[in-house]
file protein_39.cif (mmCIF, C-alpha atoms)
data_model
#
loop_
_atom_site.group_PDB
_atom_site.id
_atom_site.type_symbol
_atom_site.label_atom_id
_atom_site.label_comp_id
_atom_site.auth_asym_id
_atom_site.auth_seq_id
_atom_site.Cartn_x
_atom_site.Cartn_y
_atom_site.Cartn_z
ATOM 1 C CA ARG M 1 -49.473 -4.514 6.412
ATOM 2 C CA VAL M 2 -48.704 -1.830 3.855
ATOM 3 C CA PRO M 3 -46.940 -2.219 0.505
ATOM 4 C CA THR M 4 -43.529 -0.544 0.485
ATOM 5 C CA THR M 5 -44.352 2.205 -1.965
ATOM 6 C CA ALA M 6 -44.343 5.938 -1.339
ATOM 7 C CA GLU M 7 -48.032 6.295 -2.170
ATOM 8 C CA ALA M 8 -49.163 3.387 0.031
ATOM 9 C CA LEU M 9 -47.084 4.536 3.003
ATOM 10 C CA ARG M 10 -48.307 8.140 2.744
ATOM 11 C CA THR M 11 -51.921 6.967 2.438
ATOM 12 C CA ALA M 12 -51.581 4.685 5.461
ATOM 13 C CA LEU M 13 -50.103 7.453 7.620
ATOM 14 C CA THR M 14 -52.532 10.163 6.546
ATOM 15 C CA GLY M 15 -55.375 7.680 7.116
ATOM 16 C CA ILE M 16 -54.557 7.511 10.821
ATOM 17 C CA HIS M 17 -56.622 10.134 12.597
ATOM 18 C CA ALA M 18 -54.787 11.239 15.714
ATOM 19 C CA GLY M 19 -53.844 14.522 17.315
ATOM 20 C CA GLU M 20 -50.214 13.528 17.383
ATOM 21 C CA LYS M 21 -48.485 10.826 15.344
ATOM 22 C CA TRP M 22 -45.268 9.144 16.399
ATOM 23 C CA LEU M 23 -43.457 6.752 14.103
ATOM 24 C CA THR M 24 -40.563 4.408 14.621
ATOM 25 C CA PHE M 25 -38.868 1.794 12.486
ATOM 26 C CA GLU M 26 -35.592 -0.053 12.597
ATOM 27 C CA GLU M 27 -32.504 1.141 10.722
ATOM 28 C CA GLY M 28 -32.059 -0.621 7.407
ATOM 29 C CA GLY M 29 -31.346 -0.113 3.759
ATOM 30 C CA MET M 30 -34.488 1.957 3.221
ATOM 31 C CA ALA M 31 -34.225 4.143 6.346
ATOM 32 C CA LEU M 32 -32.938 7.267 4.577
ATOM 33 C CA TRP M 33 -35.714 7.102 1.993
ATOM 34 C CA LEU M 34 -38.352 6.431 4.656
ATOM 35 C CA CYS M 35 -37.146 9.393 6.742
ATOM 36 C CA ASP M 36 -37.367 11.773 3.795
ATOM 37 C CA LEU M 37 -40.770 10.417 2.828
ATOM 38 C CA LEU M 38 -42.483 10.139 6.216
ATOM 39 C CA ARG M 39 -40.948 12.808 8.464
ATOM 40 C CA PRO M 40 -43.343 15.539 7.196
ATOM 41 C CA LEU M 41 -46.341 13.369 8.118
ATOM 42 C CA VAL M 42 -45.557 12.779 11.813
ATOM 43 C CA GLN M 43 -44.729 14.840 14.878
ATOM 44 C CA ARG M 44 -41.994 12.489 16.060
ATOM 45 C CA LEU M 45 -39.884 10.109 14.004
ATOM 46 C CA LEU M 46 -37.362 7.760 15.582
ATOM 47 C CA VAL M 47 -35.149 5.389 13.633
ATOM 48 C CA CYS M 48 -33.822 2.807 16.059
ATOM 49 C CA ASP M 49 -30.854 0.462 16.145
ATOM 50 C CA PRO M 50 -32.140 -3.103 15.558
ATOM 51 C CA ARG M 51 -29.124 -4.596 17.352
ATOM 52 C CA GLU M 52 -30.305 -2.912 20.549
ATOM 53 C CA ASN M 53 -33.789 -4.411 20.344
ATOM 54 C CA ALA M 54 -33.046 -7.753 22.012
ATOM 55 C CA LEU M 55 -36.684 -8.104 23.083
ATOM 56 C CA ILE M 56 -37.680 -8.228 19.436
ATOM 57 C CA GLY M 57 -34.737 -9.941 17.771
ATOM 58 C CA ARG M 58 -34.504 -12.802 20.279
ATOM 59 C CA SER M 59 -38.196 -13.200 20.944
ATOM 60 C CA ALA M 60 -39.739 -16.655 20.731
ATOM 61 C CA LYS M 61 -42.746 -14.938 19.120
ATOM 62 C CA LYS M 62 -40.871 -13.734 16.042
ATOM 63 C CA ARG M 63 -43.705 -12.479 13.838
ATOM 64 C CA ASP M 64 -44.358 -9.095 12.278
ATOM 65 C CA GLU M 65 -47.463 -8.463 14.390
ATOM 66 C CA TRP M 66 -45.566 -9.149 17.634
ATOM 67 C CA ASP M 67 -42.535 -7.188 16.467
ATOM 68 C CA VAL M 68 -44.705 -4.117 15.820
ATOM 69 C CA ARG M 69 -46.269 -4.305 19.282
ATOM 70 C CA ALA M 70 -42.886 -4.738 20.974
ATOM 71 C CA LEU M 71 -41.346 -1.873 18.987
ATOM 72 C CA CYS M 72 -44.257 0.425 19.879
ATOM 73 C CA ARG M 73 -44.023 -0.511 23.559
ATOM 74 C CA LEU M 74 -40.271 0.158 23.631
ATOM 75 C CA PHE M 75 -40.870 3.474 21.829
ATOM 76 C CA ARG M 76 -43.456 4.621 24.388
ATOM 77 C CA LEU M 77 -41.116 3.625 27.221
ATOM 78 C CA GLY M 78 -38.210 5.559 25.704
ATOM 79 C CA GLU M 79 -36.160 2.348 25.492
ATOM 80 C CA LEU M 80 -35.150 2.540 21.828
ATOM 81 C CA LYS M 81 -31.630 3.593 20.908
ATOM 82 C CA GLU M 82 -32.019 6.280 18.267
ATOM 83 C CA ILE M 83 -29.944 6.477 15.122
ATOM 84 C CA TRP M 84 -29.781 10.070 13.978
ATOM 85 C CA HIS M 85 -30.963 10.917 10.476
ATOM 86 C CA SER M 86 -30.664 14.454 9.198
ATOM 87 C CA SER M 87 -33.527 16.247 7.518
ATOM 88 C CA ASP M 88 -30.976 18.273 5.512
ATOM 89 C CA PRO M 89 -30.631 16.905 1.954
ATOM 90 C CA ALA M 90 -27.023 18.170 1.713
ATOM 91 C CA ARG M 91 -26.040 16.181 4.826
ATOM 92 C CA ASN M 92 -27.750 13.080 3.463
ATOM 93 C CA ALA M 93 -25.888 13.487 0.162
ATOM 94 C CA PHE M 94 -22.641 13.813 2.112
ATOM 95 C CA LEU M 95 -23.500 10.653 4.063
ATOM 96 C CA LEU M 96 -24.077 8.699 0.850
ATOM 97 C CA THR M 97 -20.847 9.997 -0.652
ATOM 98 C CA ALA M 98 -18.939 9.007 2.499
ATOM 99 C CA GLU M 99 -20.492 5.526 2.409
ATOM 100 C CA THR M 100 -19.489 5.140 -1.241
ATOM 101 C CA TYR M 101 -15.937 6.217 -0.442
ATOM 102 C CA LEU M 102 -15.679 3.755 2.467
ATOM 103 C CA GLN M 103 -17.142 0.894 0.445
ATOM 104 C CA LEU M 104 -14.666 1.528 -2.363
ATOM 105 C CA SER M 105 -11.822 1.621 0.189
ATOM 106 C CA LYS M 106 -12.887 -1.779 1.536
ATOM 107 C CA GLU M 107 -13.170 -3.205 -1.971
ATOM 108 C CA ILE M 108 -9.654 -2.032 -2.823
ATOM 109 C CA VAL M 109 -8.246 -3.680 0.308
ATOM 110 C CA ARG M 110 -10.174 -6.876 -0.475
ATOM 111 C CA LEU M 111 -8.890 -6.919 -4.048
ATOM 112 C CA LYS M 112 -5.289 -6.356 -2.922
ATOM 113 C CA ASN M 113 -5.661 -9.363 -0.631
ATOM 114 C CA VAL M 114 -7.002 -11.383 -3.561
ATOM 115 C CA LEU M 115 -3.975 -10.343 -5.636
ATOM 116 C CA LYS M 116 -1.629 -11.301 -2.807
ATOM 117 C CA ALA M 117 -3.254 -14.747 -2.647
ATOM 118 C CA TRP M 118 -3.072 -15.002 -6.439
ATOM 119 C CA TYR M 119 0.691 -14.467 -6.295
ATOM 120 C CA ARG M 120 1.037 -17.062 -3.525
ATOM 121 C CA ARG M 121 -0.632 -19.579 -5.851
ATOM 122 C CA GLY M 122 2.336 -19.083 -8.146
ATOM 123 C CA GLY M 123 4.826 -19.383 -5.271
ATOM 124 C CA VAL M 124 5.558 -15.648 -5.191
ATOM 125 C CA MET M 125 5.523 -14.027 -1.745
ATOM 126 C CA VAL M 126 4.287 -10.443 -1.992
ATOM 127 C CA ARG M 127 5.674 -7.812 0.388
ATOM 128 C CA GLY M 128 5.167 -4.056 0.436
ATOM 129 C CA SER M 129 3.018 -1.999 -1.856
ATOM 130 C CA THR M 130 5.013 -2.238 -5.100
ATOM 131 C CA PRO M 131 2.919 -5.098 -6.551
ATOM 132 C CA TYR M 132 -0.087 -2.771 -6.603
ATOM 133 C CA SER M 133 1.614 0.248 -8.164
ATOM 134 C CA GLU M 134 1.525 0.618 -11.923
ATOM 135 C CA LYS M 135 5.325 0.854 -12.053
ATOM 136 C CA GLY M 136 6.038 -2.156 -9.854
ATOM 137 C CA ARG M 137 3.443 -4.596 -11.105
ATOM 138 C CA LYS M 138 5.262 -5.400 -14.349
ATOM 139 C CA ALA M 139 8.199 -6.901 -12.451
ATOM 140 C CA TRP M 140 5.847 -8.786 -10.155
ATOM 141 C CA LEU M 141 3.790 -10.155 -13.064
ATOM 142 C CA ALA M 142 6.989 -11.458 -14.683
ATOM 143 C CA GLN M 143 7.517 -13.673 -11.622
ATOM 144 C CA LEU M 144 4.260 -15.508 -12.293
ATOM 145 C CA PRO M 145 4.278 -18.367 -14.802
ATOM 146 C CA ALA M 146 2.812 -17.430 -18.176
ATOM 147 C CA GLY M 147 -0.727 -18.624 -18.705
ATOM 148 C CA PRO M 148 -3.912 -18.477 -16.645
ATOM 149 C CA LEU M 149 -2.191 -17.365 -13.437
ATOM 150 C CA ARG M 150 -0.566 -14.315 -15.014
ATOM 151 C CA GLU M 151 -3.676 -13.483 -17.064
ATOM 152 C CA GLY M 152 -5.857 -13.750 -13.976
ATOM 153 C CA ALA M 153 -3.563 -11.329 -12.140
ATOM 154 C CA ARG M 154 -3.791 -8.916 -15.080
ATOM 155 C CA MET M 155 -7.582 -9.051 -14.900
ATOM 156 C CA HIS M 156 -7.475 -8.341 -11.155
ATOM 157 C CA TYR M 157 -5.187 -5.376 -11.860
ATOM 158 C CA ALA M 158 -7.696 -4.026 -14.380
ATOM 159 C CA VAL M 159 -10.411 -4.155 -11.723
ATOM 160 C CA LEU M 160 -8.042 -2.576 -9.171
ATOM 161 C CA ASP M 161 -7.293 0.280 -11.564
ATOM 162 C CA THR M 162 -11.000 0.920 -12.125
ATOM 163 C CA LEU M 163 -11.724 0.818 -8.396
ATOM 164 C CA SER M 164 -8.799 3.136 -7.678
ATOM 165 C CA THR M 165 -10.071 5.665 -10.220
ATOM 166 C CA GLN M 166 -13.549 5.541 -8.690
ATOM 167 C CA TRP M 167 -12.074 5.808 -5.178
ATOM 168 C CA GLU M 168 -10.165 8.974 -6.164
ATOM 169 C CA HIS M 169 -13.332 10.427 -7.697
ATOM 170 C CA ALA M 170 -15.306 9.603 -4.525
ATOM 171 C CA TRP M 171 -12.605 11.308 -2.420
ATOM 172 C CA GLN M 172 -12.829 14.455 -4.565
ATOM 173 C CA GLN M 173 -16.615 14.501 -4.188
ATOM 174 C CA LEU M 174 -16.354 13.880 -0.443
ATOM 175 C CA THR M 175 -13.891 16.711 0.149
ATOM 176 C CA ALA M 176 -15.884 19.090 -2.069
ATOM 177 C CA GLN M 177 -19.159 18.334 -0.279
ATOM 178 C CA GLY M 178 -17.465 18.418 3.124
ATOM 179 C CA ARG M 179 -16.455 22.055 2.690
ATOM 180 C CA ALA M 180 -20.078 23.043 3.315
ATOM 181 C CA PHE M 181 -20.006 21.740 6.892
ATOM 182 C CA PRO M 182 -18.130 23.633 9.628
ATOM 183 C CA GLU M 183 -17.538 20.478 11.692
ATOM 184 C CA ILE M 184 -15.620 18.937 8.782
ATOM 185 C CA ALA M 185 -13.427 22.045 8.537
ATOM 186 C CA ARG M 186 -12.651 21.721 12.243
#

call {"tool": "encode", "arguments": {"input": "protein_39.cif", "output": "structure tokens"}}
result
Amino acid sequence: RVPTTAEALRTALTGIHAGEKWLTFEEGGMALWLCDLLRPLVQRLLVCDPRENALIGRSAKKRDEWDVRALCRLFRLGELKEIWHSSDPARNAFLLTAETYLQLSKEIVRLKNVLKAWYRRGGVMVRGSTPYSEKGRKAWLAQLPAGPLREGARMHYAVLDTLSTQWEHAWQQLTAQGRAFPEIAR
């Protein structure tokens, strides 16, 4: 067991005396950071898809010690499904920007669904995209009874406006960063 700090992980890896070091771990929230940190210290690094590791995930012996042994065995056998991670910082920045853009897109859709449900609470059936536009929302808000229902919708619109602004900014960053990659141009 090693604490999840850069110093502890580097010390643990450099403390292993071997002619060749191979390292694998499952994809997760820290995978990008771990790749950047540990790739220079090993000859082979493989980040694997945890959903493909049925022997580990469904094992009756679900403990860290057993998981490590099973992961190492699958690695030696070439049975791990690799998830590619670039060593290029610009590509990793592009990946993070794309993830931000997609997350904001999902949040906007979720919030529009919340607004639609909010209108249904007031007996107003929403159709089309006009309730979400700045021009159309005034007429839609007037259909809601004054009070908490209308004020709640206004608050949701304020969040939608903020998300939309951030989404546009993320799109600008994504397109600007994407110009550096020939496959994006294609």

call {"tool": "resolve_selection", "arguments": {"input": "protein_39.cif", "expression": "the PyMOL selection byres ((chain M and resi 90) around 12)", "output": "list in words"}}
result
Ser86, Ser87, Asp88, Pro89, Arg91, Asn92, Ala93, Phe94, Leu95, Leu96, Thr97, Leu174, Ala176, Gln177, Gly178, Arg179, Ala180 and Phe181 of chain M

call {"tool": "atom_distance", "arguments": {"input": "protein_39.cif", "atom1": "CA of Ala31 in chain M", "atom2": "CA of Ala18 in chain M"}}
result
23.7 Å

call {"tool": "resolve_selection", "arguments": {"input": "protein_39.cif", "expression": "the PyMOL selection byres ((chain M and resi 161) around 12)", "output": "PyMOL selection string"}}
result
chain M and resi 104+107-108+111-112+132-134+137+154-160+162-168

call {"tool": "write_last_selection", "arguments": {"input": "protein_39.cif", "atoms": "C-alpha atoms", "output": "short mmCIF file (atom, residue, chain, number, x, y, z; two decimals), in the coordinates of the input"}}
result
data_model
loop_
_atom_site.label_atom_id
_atom_site.label_comp_id
_atom_site.auth_asym_id
_atom_site.auth_seq_id
_atom_site.Cartn_x
_atom_site.Cartn_y
_atom_site.Cartn_z
CA LEU M 104 -14.67 1.53 -2.36
CA GLU M 107 -13.17 -3.20 -1.97
CA ILE M 108 -9.65 -2.03 -2.82
CA LEU M 111 -8.89 -6.92 -4.05
CA LYS M 112 -5.29 -6.36 -2.92
CA TYR M 132 -0.09 -2.77 -6.60
CA SER M 133 1.61 0.25 -8.16
CA GLU M 134 1.52 0.62 -11.92
CA ARG M 137 3.44 -4.60 -11.10
CA ARG M 154 -3.79 -8.92 -15.08
CA MET M 155 -7.58 -9.05 -14.90
CA HIS M 156 -7.48 -8.34 -11.16
CA TYR M 157 -5.19 -5.38 -11.86
CA ALA M 158 -7.70 -4.03 -14.38
CA VAL M 159 -10.41 -4.16 -11.72
CA LEU M 160 -8.04 -2.58 -9.17
CA THR M 162 -11.00 0.92 -12.12
CA LEU M 163 -11.72 0.82 -8.40
CA SER M 164 -8.80 3.14 -7.68
CA THR M 165 -10.07 5.66 -10.22
CA GLN M 166 -13.55 5.54 -8.69
CA TRP M 167 -12.07 5.81 -5.18
CA GLU M 168 -10.16 8.97 -6.16
#

call {"tool": "residues_around", "arguments": {"input": "protein_39.cif", "residues": "Pro145 in chain M", "least_positions_apart": "2", "cutoff": "12 Å", "atoms": "only C-alpha atoms", "output": "short mmCIF file (atom, residue, chain, number, x, y, z; two decimals) with C-alpha atoms, in the coordinates of the input"}}
result
data_model
loop_
_atom_site.label_atom_id
_atom_site.label_comp_id
_atom_site.auth_asym_id
_atom_site.auth_seq_id
_atom_site.Cartn_x
_atom_site.Cartn_y
_atom_site.Cartn_z
CA TRP M 118 -3.07 -15.00 -6.44
CA TYR M 119 0.69 -14.47 -6.30
CA ARG M 120 1.04 -17.06 -3.52
CA ARG M 121 -0.63 -19.58 -5.85
CA GLY M 122 2.34 -19.08 -8.15
CA GLY M 123 4.83 -19.38 -5.27
CA VAL M 124 5.56 -15.65 -5.19
CA TRP M 140 5.85 -8.79 -10.15
CA LEU M 141 3.79 -10.15 -13.06
CA ALA M 142 6.99 -11.46 -14.68
CA GLN M 143 7.52 -13.67 -11.62
CA GLY M 147 -0.73 -18.62 -18.70
CA PRO M 148 -3.91 -18.48 -16.64
CA LEU M 149 -2.19 -17.36 -13.44
CA ARG M 150 -0.57 -14.32 -15.01
CA GLU M 151 -3.68 -13.48 -17.06
CA GLY M 152 -5.86 -13.75 -13.98
CA ALA M 153 -3.56 -11.33 -12.14
#

call {"tool": "atom_distance", "arguments": {"input": "protein_39.cif", "atom1": "CA of Met125 in chain M", "atom2": "CA of Arg110 in chain M"}}
result
17.3 Å

call {"tool": "atom_distance", "arguments": {"input": "protein_39.cif", "atom1": "CA of Glu52 in chain M", "atom2": "CA of Leu80 in chain M"}}
result
7.4 Å

call {"tool": "closest_residue", "arguments": {"input": "protein_39.cif", "among": "M:Trp33, M:Lys135, M:Thr175, M:Leu46", "to": "Gly78 in chain M", "atoms": "all atoms listed in the file"}}
result
M:Leu46

call {"tool": "closest_residue", "arguments": {"input": "protein_39.cif", "among": "M:Leu9, M:Ala170, M:Leu77, M:Leu38", "to": "Gln103 in chain M", "atoms": "all atoms listed in the file"}}
result
M:Ala170

call {"tool": "closest_residue", "arguments": {"input": "protein_39.cif", "among": "M:Lys116, M:Arg51, M:Lys21, M:Arg186", "to": "Ile83 in chain M", "atoms": "all atoms listed in the file"}}
result
M:Arg51

call {"tool": "closest_residue", "arguments": {"input": "protein_39.cif", "among": "M:His85, M:His169, M:Arg73, M:Arg44", "to": "Trp22 in chain M", "atoms": "all atoms listed in the file"}}
result
M:Arg44

call {"tool": "resolve_selection", "arguments": {"input": "protein_39.cif", "expression": "the PyMOL selection byres ((chain M and resi 28) around 10)", "output": "mmCIF file with C-alpha atoms, in the frame of the given file"}}
result
data_model
loop_
_atom_site.group_PDB
_atom_site.id
_atom_site.type_symbol
_atom_site.label_atom_id
_atom_site.label_comp_id
_atom_site.auth_asym_id
_atom_site.auth_seq_id
_atom_site.Cartn_x
_atom_site.Cartn_y
_atom_site.Cartn_z
ATOM 1 C CA PHE M 25 -38.868 1.794 12.486
ATOM 2 C CA GLU M 26 -35.592 -0.053 12.597
ATOM 3 C CA GLU M 27 -32.504 1.141 10.722
ATOM 4 C CA GLY M 29 -31.346 -0.113 3.759
ATOM 5 C CA MET M 30 -34.488 1.957 3.221
ATOM 6 C CA ALA M 31 -34.225 4.143 6.346
ATOM 7 C CA LEU M 32 -32.938 7.267 4.577
ATOM 8 C CA LEU M 34 -38.352 6.431 4.656
ATOM 9 C CA VAL M 47 -35.149 5.389 13.633
ATOM 10 C CA CYS M 48 -33.822 2.807 16.059
ATOM 11 C CA ASP M 49 -30.854 0.462 16.145
ATOM 12 C CA PRO M 50 -32.140 -3.103 15.558
#

call {"tool": "axis_aligned_box", "arguments": {"input": "protein_39.cif", "around": "range 75-93 of chain M", "padding_each_side": "6 Å", "output": "JSON"}}
result
{"center_x": -34.7, "center_y": 10.3, "center_z": 13.7, "size_x": 29.6, "size_y": 27.9, "size_z": 39.1}

call {"tool": "closest_residue", "arguments": {"input": "protein_39.cif", "among": "M:Leu23, M:Glu82, M:Pro182, M:Trp66", "to": "Leu45 in chain M", "atoms": "all atoms listed in the file"}}
result
M:Leu23
